[in-house]
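Visitor: Sharing a structure, written as structure tokens. Questions coming.
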Amino acid sequence: MGAVSDTDPTPAAAPWWRDAVIYQVYPRSFADADGDGLGDLAGITARLPHLAGLGVDAVWLSPVYPSPQRDAGYDVADYRDVDPVFGTLEDFAALTARAHELGLRVITDLVPNHTSSEHAWFRQALAAGPGSPERARYVFREGRGEDGAQPPNSWRSVFGGSAWTRLPDGWWYLHLFDSSQPDLDWSNPQVREEFEDVLRFWLDRGVDGFRVDVAHGLVKAEGLPEWDHEQALLDGASASGERPPMWDQEGVHEIYRGWRRVLDAYDGERVLVAEAWVTPPERLARYVRGDEMHQAFNFDFLRAPWLAGELRRVVDATLEAHEVVGAPATWVLSNHDVVRHASRLGYPAGSEPASGVGPDDPQPDAELGLRRARAATLFTLALPGGAYVYQGEELGLPEVTTLPAEVRQDPSFARTGGADRGRDGCRVPIPWEGDRPSYGFGPGGASWLPQPPEWARLSVAAQTGVPGSTLELYRSALALRREHGLGRGTLAWDGGLTGGDVLAFRTRGVLVVLNLSPEPVPAPAGTRLLLASGELVGAAVPTDTAAWFAPA
Ligand code: GLC
């Protein structure tokens, strides 16, 4: 067999997920078939042709399980059913069948770090009392100080406030998130058995994989040592170099090896995707070793400032770390937890907001943000590995920064007294057709969060077939990515073009140029333009623009 060059077609046997583009559907905000203002499964099913037409390979659904919705469904009351607000198990089956018919895989969200406080297990734990086997599925402890009135340790909730809540019987339970999300105790074999069974329940229903929520949090350090720092999802050492005792503990890997064995017993290349806010990339790559998960979200890339040097550093570090374990990298710019990249990039580099934005905060430069977002997307979709698209980014939707306090629902807003604006601004329902109430989100005018008036011109209908629209940019980019097999390439920086604030790399015969400098970059000789994120100016790539070139 001859040497395989970068432009050779990859053998058909390459697993689908290594270069897949996976579209995140946030069910409550995608499409609302019954008109109650909250999206549902029937709504998603009806809109699946949009996703097939966009050119993605798979759909990841944020949680649709029965839930009191205290954290928008990431508080699960029953892992084997669908919440009536979203539909039924039959609706889920219909969605999966339709997706498969259209050639789309379906990935569902699994939330193993915590249950809802409404879950049968937690109710049983409350009823059974201290020391019971029912309580041993969660992390119950006695308090400190006189009468145990102080929480068992100093841990903070990611959403603000203490990570402990006290019960009337005097005991405390741990919740790294909202008090309605008690953490499970993963040293308990019952917990392990339960989740392997839950995996099988959905695998038997034909799902193609799981996005694993807070995958770096399940195991806590022995003895729950103090961690006297503000809490953040991102695992990172403190200023003094200590590592947080609640994130990225060695014990999580054994859990995922077990899950991998469960998945491997099924046909059809089912996948596990880690939502692991872990850094540096060498630590993240440990989640995607050969016998563990398939992909892990690369949040270092999402958080990188709009600076050429930083972007290049993160890309190189990511590729190197994944190469060592033989896993593909994954690239993501937006999701339901972060400020949408069309707004995030509208702030000066290095001062991008991490969490939400409120009406009284500094506002992004919308035009600049969209211009950079389109460039960032085109750069990202050419990188080797898998890519994620968050619903609405294909429309160039901005973060909604003007939501008044009374409509905000994210628990982090209430738990911090509004200091953390929360994530509602990236969760506003999608505009489908501009001239109807709720822009076609549902049959009536209802929408669980208000949509801004200027979204009429951003709707799917308003952008379809319009040359240069963000929607058409995504469609073209995804089609070219597939045609050229860009996700299967090998990245080689172009030494001649890369430098200063310009990044350029070659992959599978395509030259990708990203210009972050104020000066235009002339189109390289002997090339023809495939696609650009903005108009070229006199055959040059202007500032904050990305372009793909092929040999002339
Ligand atoms: C993950 C989810 C986020 C949720 C949290 C707690 O980070 O993406 O939306 O609030 O976990 O489940």
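Going by the structure tokens order, chains are called A, B, ..., each with residues numbered from 1, while ligands are numbered from 1 in the order shown.
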Just list as a list in words whatever in region 56-157 of chain A DSSP marks as strand (DSSP E or B).
Guide: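 Assigned to strand (DSSP E or B), within region 56-157 of chain A: Ala58, Val59, Trp60, Leu61, Arg105, Val106, Ile107, Thr108, Asp109, Leu110, His114, Tyr138, Phe140, Arg141, Arg144, Gln150 and Arg156 of chain A.
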Visitor: Go ahead and write the residues just picked, C-alpha atoms, as a PDB file, in the first residue's frame.
Guide:
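Output below, filename result_14.pdb:
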ATOM      1  CA  ALA A  58     -25.866  14.767  13.741  1.00  0.00           C
ATOM      2  CA  VAL A  59     -28.121  16.462  16.223  1.00  0.00           C
ATOM      3  CA  TRP A  60     -27.425  16.698  19.941  1.00  0.00           C
ATOM      4  CA  LEU A  61     -30.520  17.379  22.036  1.00  0.00           C
ATOM      5  CA  ARG A 105     -27.584  10.822  13.902  1.00  0.00           C
ATOM      6  CA  VAL A 106     -29.126  11.622  17.268  1.00  0.00           C
ATOM      7  CA  ILE A 107     -27.134  12.305  20.423  1.00  0.00           C
ATOM      8  CA  THR A 108     -28.940  12.738  23.682  1.00  0.00           C
ATOM      9  CA  ASP A 109     -27.809  14.528  26.830  1.00  0.00           C
ATOM     10  CA  LEU A 110     -27.019  12.518  29.942  1.00  0.00           C
ATOM     11  CA  HIS A 114     -26.630  15.130  39.943  1.00  0.00           C
ATOM     12  CA  TYR A 138     -25.998  11.174  47.474  1.00  0.00           C
ATOM     13  CA  PHE A 140     -24.931  13.786  52.845  1.00  0.00           C
ATOM     14  CA  ARG A 141     -22.726  15.054  55.682  1.00  0.00           C
ATOM     15  CA  ARG A 144     -19.471  21.852  61.374  1.00  0.00           C
ATOM     16  CA  GLN A 150     -21.929  25.462  59.420  1.00  0.00           C
ATOM     17  CA  ARG A 156     -19.216  26.959  46.576  1.00  0.00           C
TER      18      ARG A 156
END
Visitor: So that I can see what lies close to Ala540 (chain A), please list as a list in words the residues with an atom at most 12 Å from it, counting only C-alpha atoms and leaving out residues fewer than 6 positions away in the same chain.
Guide: Val513, Leu514, Asn515, Glu519, Pro520, Val521, Pro522, Ala523, Pro524, Ala525, Arg528, Leu529, Ala532, Gly534, Ala546, Ala547 and Phe549 of chain A
Visitor: Selected residues, C-alpha atoms, written as a PDB file, in the first residue's frame, please.
Guide:
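Result saved to result-v2.pdb:
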ATOM      1  CA  VAL A 513      -6.471  32.398   5.636  1.00  0.00           C
ATOM      2  CA  LEU A 514      -7.690  34.263   8.714  1.00  0.00           C
ATOM      3  CA  ASN A 515      -6.797  37.919   8.822  1.00  0.00           C
ATOM      4  CA  GLU A 519      -4.172  45.426   6.637  1.00  0.00           C
ATOM      5  CA  PRO A 520      -5.730  43.391   3.809  1.00  0.00           C
ATOM      6  CA  VAL A 521      -3.923  40.161   2.858  1.00  0.00           C
ATOM      7  CA  PRO A 522      -3.614  39.693  -0.929  1.00  0.00           C
ATOM      8  CA  ALA A 523      -5.102  36.443  -2.227  1.00  0.00           C
ATOM      9  CA  PRO A 524      -2.142  34.086  -2.740  1.00  0.00           C
ATOM     10  CA  ALA A 525      -1.022  33.657  -6.371  1.00  0.00           C
ATOM     11  CA  ARG A 528      -9.002  30.535  -6.606  1.00  0.00           C
ATOM     12  CA  LEU A 529     -11.434  31.568  -3.935  1.00  0.00           C
ATOM     13  CA  ALA A 532     -14.983  33.901   2.260  1.00  0.00           C
ATOM     14  CA  GLY A 534     -16.971  38.595   4.032  1.00  0.00           C
ATOM     15  CA  ALA A 546     -11.454  34.318   6.751  1.00  0.00           C
ATOM     16  CA  ALA A 547     -11.222  32.762   3.297  1.00  0.00           C
ATOM     17  CA  PHE A 549      -8.706  28.994  -1.407  1.00  0.00           C
TER      18      PHE A 549
END
Visitor: From the list A:Ser117, A:Thr470, A:Thr45, A:Thr416, which residue is nearest Leu104 (chain A) when using only C-alpha atoms?
Guide: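 Going through A:Ser117, A:Thr470, A:Thr45, A:Thr416 one by one, the smallest distance to Leu104 (chain A) is for A:Thr45.
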Visitor: May I ask you to write as a PDB file with C-alpha atoms, in the first residue's frame all residues lying at most 7 Å from ligand 1, with only C-alpha atoms and all ligand atoms counted?
Guide:
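Produced file pocket_12.pdb, reproduced below:
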ATOM      1  CA  ASP A  71     -32.068  24.400  35.548  1.00  0.00           C
ATOM      2  CA  TYR A  74     -30.392  19.724  33.612  1.00  0.00           C
ATOM      3  CA  ASP A  75     -32.246  18.741  36.777  1.00  0.00           C
ATOM      4  CA  VAL A 111     -26.745  14.239  33.330  1.00  0.00           C
ATOM      5  CA  PHE A 177     -25.073  23.468  41.069  1.00  0.00           C
ATOM      6  CA  ASP A 213     -22.942  16.674  31.301  1.00  0.00           C
ATOM      7  CA  VAL A 214     -20.250  17.829  33.739  1.00  0.00           C
ATOM      8  CA  HIS A 336     -26.325  27.176  25.714  1.00  0.00           C
ATOM      9  CA  ASP A 337     -23.977  28.139  28.576  1.00  0.00           C
TER      10      ASP A 337
END
Visitor: Need to verify the contact set: Val389 (chain A), 12 Å, only C-alpha atoms, exclusion of same-chain residues closer than 2 positions in sequence. Can you return it as number ranges by chain?
Guide: A: 20-26, 51, 54-60, 297, 302, 330-336, 340-341, 377-378, 380-381, 386-387, 391-396, 474, 478
Visitor: Could you tell me how far CA of Pro542 (chain A) lies from CA of Arg374 (chain A), in Å and to one decimal?
Guide: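 Straight-line distance from CA of Pro542 (chain A) to CA of Arg374 (chain A) works out to 13.0 Å.
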Visitor: List every residue of region 296-466 of chain A that DSSP, applied to the backbone, labels as alpha helix (DSSP H), and write the result as a PDB file with N, CA and C atoms, in the first residue's frame.
Guide:
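As written to disk, out_25.pdb reads:
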ATOM      1  N   PHE A 299     -13.015  23.566  25.338  1.00  0.00           N
ATOM      2  CA  PHE A 299     -13.445  24.888  25.800  1.00  0.00           C
ATOM      3  C   PHE A 299     -12.301  25.906  25.812  1.00  0.00           C
ATOM      4  N   ASP A 300     -11.061  25.435  25.763  1.00  0.00           N
ATOM      5  CA  ASP A 300      -9.944  26.381  25.636  1.00  0.00           C
ATOM      6  C   ASP A 300     -10.093  27.178  24.336  1.00  0.00           C
ATOM      7  N   PHE A 301     -10.530  26.486  23.296  1.00  0.00           N
ATOM      8  CA  PHE A 301     -10.690  27.161  21.998  1.00  0.00           C
ATOM      9  C   PHE A 301     -11.836  28.156  22.073  1.00  0.00           C
ATOM     10  N   LEU A 302     -12.949  27.718  22.654  1.00  0.00           N
ATOM     11  CA  LEU A 302     -14.108  28.616  22.787  1.00  0.00           C
ATOM     12  C   LEU A 302     -13.723  29.874  23.568  1.00  0.00           C
ATOM     13  N   ARG A 303     -12.891  29.724  24.557  1.00  0.00           N
ATOM     14  CA  ARG A 303     -12.545  30.855  25.419  1.00  0.00           C
ATOM     15  C   ARG A 303     -11.357  31.667  24.928  1.00  0.00           C
ATOM     16  N   ALA A 308      -4.384  36.398  17.108  1.00  0.00           N
ATOM     17  CA  ALA A 308      -3.811  35.345  16.262  1.00  0.00           C
ATOM     18  C   ALA A 308      -2.922  34.403  17.066  1.00  0.00           C
ATOM     19  N   GLY A 309      -2.061  34.975  17.887  1.00  0.00           N
ATOM     20  CA  GLY A 309      -1.117  34.149  18.638  1.00  0.00           C
ATOM     21  C   GLY A 309      -1.831  33.173  19.563  1.00  0.00           C
ATOM     22  N   GLU A 310      -2.874  33.652  20.223  1.00  0.00           N
ATOM     23  CA  GLU A 310      -3.632  32.806  21.146  1.00  0.00           C
ATOM     24  C   GLU A 310      -4.360  31.691  20.398  1.00  0.00           C
ATOM     25  N   LEU A 311      -4.976  32.060  19.272  1.00  0.00           N
ATOM     26  CA  LEU A 311      -5.707  31.047  18.506  1.00  0.00           C
ATOM     27  C   LEU A 311      -4.751  29.957  18.026  1.00  0.00           C
ATOM     28  N   ARG A 312      -3.619  30.390  17.528  1.00  0.00           N
ATOM     29  CA  ARG A 312      -2.662  29.408  17.024  1.00  0.00           C
ATOM     30  C   ARG A 312      -2.149  28.510  18.155  1.00  0.00           C
ATOM     31  N   ARG A 313      -1.880  29.131  19.287  1.00  0.00           N
ATOM     32  CA  ARG A 313      -1.374  28.353  20.424  1.00  0.00           C
ATOM     33  C   ARG A 313      -2.391  27.285  20.838  1.00  0.00           C
ATOM     34  N   VAL A 314      -3.670  27.682  20.908  1.00  0.00           N
ATOM     35  CA  VAL A 314      -4.695  26.721  21.341  1.00  0.00           C
ATOM     36  C   VAL A 314      -4.880  25.618  20.293  1.00  0.00           C
ATOM     37  N   VAL A 315      -4.877  25.999  19.028  1.00  0.00           N
ATOM     38  CA  VAL A 315      -5.031  24.985  17.972  1.00  0.00           C
ATOM     39  C   VAL A 315      -3.877  23.983  18.048  1.00  0.00           C
ATOM     40  N   ASP A 316      -2.658  24.486  18.145  1.00  0.00           N
ATOM     41  CA  ASP A 316      -1.499  23.580  18.193  1.00  0.00           C
ATOM     42  C   ASP A 316      -1.546  22.680  19.423  1.00  0.00           C
ATOM     43  N   ALA A 317      -1.820  23.288  20.570  1.00  0.00           N
ATOM     44  CA  ALA A 317      -1.829  22.507  21.813  1.00  0.00           C
ATOM     45  C   ALA A 317      -2.917  21.440  21.766  1.00  0.00           C
ATOM     46  N   THR A 318      -4.068  21.801  21.193  1.00  0.00           N
ATOM     47  CA  THR A 318      -5.178  20.850  21.096  1.00  0.00           C
ATOM     48  C   THR A 318      -4.805  19.680  20.185  1.00  0.00           C
ATOM     49  N   LEU A 319      -4.297  20.014  19.005  1.00  0.00           N
ATOM     50  CA  LEU A 319      -3.978  18.951  18.042  1.00  0.00           C
ATOM     51  C   LEU A 319      -2.902  18.021  18.594  1.00  0.00           C
ATOM     52  N   GLU A 320      -1.897  18.605  19.215  1.00  0.00           N
ATOM     53  CA  GLU A 320      -0.806  17.788  19.771  1.00  0.00           C
ATOM     54  C   GLU A 320      -1.315  16.837  20.833  1.00  0.00           C
ATOM     55  N   ALA A 321      -2.117  17.384  21.757  1.00  0.00           N
ATOM     56  CA  ALA A 321      -2.583  16.560  22.883  1.00  0.00           C
ATOM     57  C   ALA A 321      -3.493  15.430  22.386  1.00  0.00           C
ATOM     58  N   HIS A 322      -4.320  15.713  21.383  1.00  0.00           N
ATOM     59  CA  HIS A 322      -5.225  14.681  20.874  1.00  0.00           C
ATOM     60  C   HIS A 322      -4.478  13.639  20.038  1.00  0.00           C
ATOM     61  N   GLU A 323      -3.480  14.090  19.331  1.00  0.00           N
ATOM     62  CA  GLU A 323      -2.644  13.194  18.533  1.00  0.00           C
ATOM     63  C   GLU A 323      -2.033  12.103  19.424  1.00  0.00           C
ATOM     64  N   VAL A 324      -1.575  12.506  20.588  1.00  0.00           N
ATOM     65  CA  VAL A 324      -0.925  11.559  21.498  1.00  0.00           C
ATOM     66  C   VAL A 324      -1.854  10.395  21.840  1.00  0.00           C
ATOM     67  N   VAL A 325      -3.156  10.679  21.993  1.00  0.00           N
ATOM     68  CA  VAL A 325      -4.086   9.612  22.372  1.00  0.00           C
ATOM     69  C   VAL A 325      -4.846   9.062  21.159  1.00  0.00           C
ATOM     70  N   HIS A 341     -21.161  33.631  20.182  1.00  0.00           N
ATOM     71  CA  HIS A 341     -19.894  34.179  19.687  1.00  0.00           C
ATOM     72  C   HIS A 341     -20.079  35.406  18.801  1.00  0.00           C
ATOM     73  N   ALA A 342     -21.262  35.587  18.228  1.00  0.00           N
ATOM     74  CA  ALA A 342     -21.492  36.806  17.439  1.00  0.00           C
ATOM     75  C   ALA A 342     -21.495  38.046  18.337  1.00  0.00           C
ATOM     76  N   SER A 343     -21.705  37.862  19.625  1.00  0.00           N
ATOM     77  CA  SER A 343     -21.622  38.992  20.556  1.00  0.00           C
ATOM     78  C   SER A 343     -20.310  38.976  21.332  1.00  0.00           C
ATOM     79  N   ARG A 344     -19.875  37.772  21.706  1.00  0.00           N
ATOM     80  CA  ARG A 344     -18.637  37.668  22.499  1.00  0.00           C
ATOM     81  C   ARG A 344     -17.471  38.342  21.775  1.00  0.00           C
ATOM     82  N   ALA A 366     -22.107  45.102  17.676  1.00  0.00           N
ATOM     83  CA  ALA A 366     -22.815  44.010  16.993  1.00  0.00           C
ATOM     84  C   ALA A 366     -22.230  43.726  15.605  1.00  0.00           C
ATOM     85  N   GLU A 367     -21.899  44.782  14.894  1.00  0.00           N
ATOM     86  CA  GLU A 367     -21.394  44.593  13.527  1.00  0.00           C
ATOM     87  C   GLU A 367     -20.027  43.903  13.540  1.00  0.00           C
ATOM     88  N   LEU A 368     -19.175  44.394  14.427  1.00  0.00           N
ATOM     89  CA  LEU A 368     -17.841  43.803  14.563  1.00  0.00           C
ATOM     90  C   LEU A 368     -17.953  42.346  15.017  1.00  0.00           C
ATOM     91  N   GLY A 369     -18.838  42.130  15.988  1.00  0.00           N
ATOM     92  CA  GLY A 369     -19.007  40.781  16.521  1.00  0.00           C
ATOM     93  C   GLY A 369     -19.428  39.800  15.434  1.00  0.00           C
ATOM     94  N   LEU A 370     -20.385  40.195  14.621  1.00  0.00           N
ATOM     95  CA  LEU A 370     -20.865  39.288  13.571  1.00  0.00           C
ATOM     96  C   LEU A 370     -19.770  39.049  12.526  1.00  0.00           C
ATOM     97  N   ARG A 371     -19.065  40.101  12.180  1.00  0.00           N
ATOM     98  CA  ARG A 371     -17.994  39.962  11.190  1.00  0.00           C
ATOM     99  C   ARG A 371     -16.936  38.957  11.673  1.00  0.00           C
ATOM    100  N   ARG A 372     -16.553  39.132  12.942  1.00  0.00           N
ATOM    101  CA  ARG A 372     -15.552  38.212  13.507  1.00  0.00           C
ATOM    102  C   ARG A 372     -16.119  36.812  13.699  1.00  0.00           C
ATOM    103  N   ALA A 373     -17.383  36.749  14.077  1.00  0.00           N
ATOM    104  CA  ALA A 373     -18.001  35.430  14.293  1.00  0.00           C
ATOM    105  C   ALA A 373     -18.002  34.632  12.990  1.00  0.00           C
ATOM    106  N   ARG A 374     -18.328  35.291  11.904  1.00  0.00           N
ATOM    107  CA  ARG A 374     -18.343  34.594  10.606  1.00  0.00           C
ATOM    108  C   ARG A 374     -16.937  34.128  10.237  1.00  0.00           C
ATOM    109  N   ALA A 375     -15.955  34.966  10.518  1.00  0.00           N
ATOM    110  CA  ALA A 375     -14.567  34.593  10.237  1.00  0.00           C
ATOM    111  C   ALA A 375     -14.140  33.428  11.132  1.00  0.00           C
ATOM    112  N   ALA A 376     -14.503  33.527  12.416  1.00  0.00           N
ATOM    113  CA  ALA A 376     -14.140  32.472  13.367  1.00  0.00           C
ATOM    114  C   ALA A 376     -14.751  31.142  12.923  1.00  0.00           C
ATOM    115  N   THR A 377     -16.003  31.193  12.469  1.00  0.00           N
ATOM    116  CA  THR A 377     -16.682  29.969  12.041  1.00  0.00           C
ATOM    117  C   THR A 377     -15.986  29.354  10.826  1.00  0.00           C
ATOM    118  N   LEU A 378     -15.636  30.181   9.871  1.00  0.00           N
ATOM    119  CA  LEU A 378     -15.016  29.632   8.659  1.00  0.00           C
ATOM    120  C   LEU A 378     -13.650  29.025   8.983  1.00  0.00           C
ATOM    121  N   PHE A 379     -12.913  29.678   9.862  1.00  0.00           N
ATOM    122  CA  PHE A 379     -11.627  29.146  10.322  1.00  0.00           C
ATOM    123  C   PHE A 379     -11.855  27.795  11.011  1.00  0.00           C
ATOM    124  N   THR A 380     -12.828  27.767  11.905  1.00  0.00           N
ATOM    125  CA  THR A 380     -13.096  26.579  12.723  1.00  0.00           C
ATOM    126  C   THR A 380     -13.537  25.389  11.880  1.00  0.00           C
ATOM    127  N   LEU A 381     -14.414  25.642  10.913  1.00  0.00           N
ATOM    128  CA  LEU A 381     -14.964  24.523  10.137  1.00  0.00           C
ATOM    129  C   LEU A 381     -13.926  23.887   9.208  1.00  0.00           C
ATOM    130  N   PRO A 411     -30.908  29.815  37.084  1.00  0.00           N
ATOM    131  CA  PRO A 411     -30.730  29.861  38.548  1.00  0.00           C
ATOM    132  C   PRO A 411     -29.509  30.675  38.973  1.00  0.00           C
ATOM    133  N   SER A 412     -28.503  30.787  38.111  1.00  0.00           N
ATOM    134  CA  SER A 412     -27.312  31.539  38.528  1.00  0.00           C
ATOM    135  C   SER A 412     -27.632  33.023  38.678  1.00  0.00           C
ATOM    136  N   PHE A 413     -28.653  33.515  37.983  1.00  0.00           N
ATOM    137  CA  PHE A 413     -29.068  34.913  38.143  1.00  0.00           C
ATOM    138  C   PHE A 413     -29.621  35.121  39.553  1.00  0.00           C
ATOM    139  N   ALA A 414     -30.571  34.277  39.950  1.00  0.00           N
ATOM    140  CA  ALA A 414     -31.189  34.425  41.269  1.00  0.00           C
ATOM    141  C   ALA A 414     -30.196  34.127  42.386  1.00  0.00           C
ATOM    142  N   ARG A 415     -29.359  33.100  42.208  1.00  0.00           N
ATOM    143  CA  ARG A 415     -28.458  32.693  43.301  1.00  0.00           C
ATOM    144  C   ARG A 415     -27.351  33.706  43.578  1.00  0.00           C
ATOM    145  N   VAL A 460     -34.794  32.319   9.487  1.00  0.00           N
ATOM    146  CA  VAL A 460     -34.365  31.354   8.467  1.00  0.00           C
ATOM    147  C   VAL A 460     -34.934  31.767   7.100  1.00  0.00           C
ATOM    148  N   ALA A 461     -36.217  32.121   7.087  1.00  0.00           N
ATOM    149  CA  ALA A 461     -36.837  32.486   5.801  1.00  0.00           C
ATOM    150  C   ALA A 461     -36.177  33.730   5.212  1.00  0.00           C
ATOM    151  N   ALA A 462     -35.874  34.708   6.077  1.00  0.00           N
ATOM    152  CA  ALA A 462     -35.303  35.964   5.571  1.00  0.00           C
ATOM    153  C   ALA A 462     -33.909  35.761   4.982  1.00  0.00           C
ATOM    154  N   GLN A 463     -33.210  34.720   5.428  1.00  0.00           N
ATOM    155  CA  GLN A 463     -31.830  34.541   4.961  1.00  0.00           C
ATOM    156  C   GLN A 463     -31.692  33.488   3.865  1.00  0.00           C
TER     157      GLN A 463
END
Visitor: With a distance cut-off of 9 Å and only C-alpha atoms, select the neighbouring residues of Val139 (chain A), excluding the residue or stretch itself and same-chain residues fewer than 5 positions from it, and output the selection as a short mmCIF file (atom, residue, chain, number, x, y, z; two decimals) with all heavy atoms, in the first residue's frame.
Guide:
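Wrote selection-v3.cif, looks like this:
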data_model
loop_
_atom_site.label_atom_id
_atom_site.label_comp_id
_atom_site.auth_asym_id
_atom_site.auth_seq_id
_atom_site.Cartn_x
_atom_site.Cartn_y
_atom_site.Cartn_z
N TRP A 172 -26.69 17.94 55.96
CA TRP A 172 -26.45 18.76 54.76
C TRP A 172 -26.26 17.86 53.54
O TRP A 172 -25.71 16.76 53.67
CB TRP A 172 -25.18 19.59 54.94
CG TRP A 172 -25.19 20.58 56.06
CD1 TRP A 172 -25.07 20.30 57.39
CD2 TRP A 172 -25.33 21.99 55.95
NE1 TRP A 172 -25.10 21.47 58.13
CE2 TRP A 172 -25.26 22.53 57.27
CE3 TRP A 172 -25.48 22.89 54.88
CZ2 TRP A 172 -25.34 23.88 57.54
CZ3 TRP A 172 -25.56 24.24 55.15
CH2 TRP A 172 -25.50 24.73 56.46
N TYR A 173 -26.69 18.33 52.37
CA TYR A 173 -26.35 17.60 51.14
C TYR A 173 -25.61 18.51 50.18
O TYR A 173 -25.81 19.73 50.16
CB TYR A 173 -27.60 16.97 50.49
CG TYR A 173 -28.59 17.97 49.95
CD1 TYR A 173 -28.50 18.43 48.63
CD2 TYR A 173 -29.63 18.45 50.74
CE1 TYR A 173 -29.41 19.36 48.12
CE2 TYR A 173 -30.55 19.37 50.25
CZ TYR A 173 -30.43 19.82 48.94
OH TYR A 173 -31.32 20.73 48.46
N LEU A 174 -24.76 17.87 49.38
CA LEU A 174 -23.89 18.60 48.45
C LEU A 174 -24.61 18.84 47.11
O LEU A 174 -25.26 17.94 46.59
CB LEU A 174 -22.62 17.77 48.18
CG LEU A 174 -21.65 18.33 47.14
CD1 LEU A 174 -20.95 19.59 47.66
CD2 LEU A 174 -20.61 17.28 46.74
N HIS A 175 -24.46 20.05 46.58
CA HIS A 175 -24.94 20.33 45.22
C HIS A 175 -23.96 21.32 44.58
O HIS A 175 -23.91 22.48 44.95
CB HIS A 175 -26.37 20.89 45.24
CG HIS A 175 -26.57 22.05 46.17
ND1 HIS A 175 -26.33 23.35 45.79
CD2 HIS A 175 -26.95 22.11 47.47
CE1 HIS A 175 -26.58 24.16 46.82
NE2 HIS A 175 -26.94 23.43 47.85
N PRO A 182 -29.07 17.81 43.70
CA PRO A 182 -28.15 17.12 44.61
C PRO A 182 -27.15 16.23 43.85
O PRO A 182 -27.53 15.49 42.96
CB PRO A 182 -29.08 16.28 45.49
CG PRO A 182 -30.35 16.11 44.69
CD PRO A 182 -30.47 17.37 43.88
N ASP A 183 -25.87 16.31 44.24
CA ASP A 183 -24.84 15.48 43.61
C ASP A 183 -24.99 14.03 44.05
O ASP A 183 -25.21 13.74 45.23
CB ASP A 183 -23.44 15.96 44.02
CG ASP A 183 -22.99 17.15 43.20
OD1 ASP A 183 -23.76 18.13 43.09
OD2 ASP A 183 -21.87 17.10 42.64
N LEU A 184 -24.80 13.14 43.07
CA LEU A 184 -24.81 11.71 43.38
C LEU A 184 -23.45 11.30 43.94
O LEU A 184 -22.44 11.96 43.68
CB LEU A 184 -25.09 10.91 42.09
CG LEU A 184 -26.54 10.99 41.60
CD1 LEU A 184 -26.62 10.57 40.13
CD2 LEU A 184 -27.45 10.11 42.46
N ASP A 185 -23.44 10.20 44.68
CA ASP A 185 -22.17 9.66 45.19
C ASP A 185 -21.74 8.51 44.28
O ASP A 185 -22.27 7.40 44.37
CB ASP A 185 -22.34 9.17 46.63
CG ASP A 185 -21.01 8.70 47.21
OD1 ASP A 185 -20.06 8.46 46.42
OD2 ASP A 185 -20.92 8.58 48.43
#
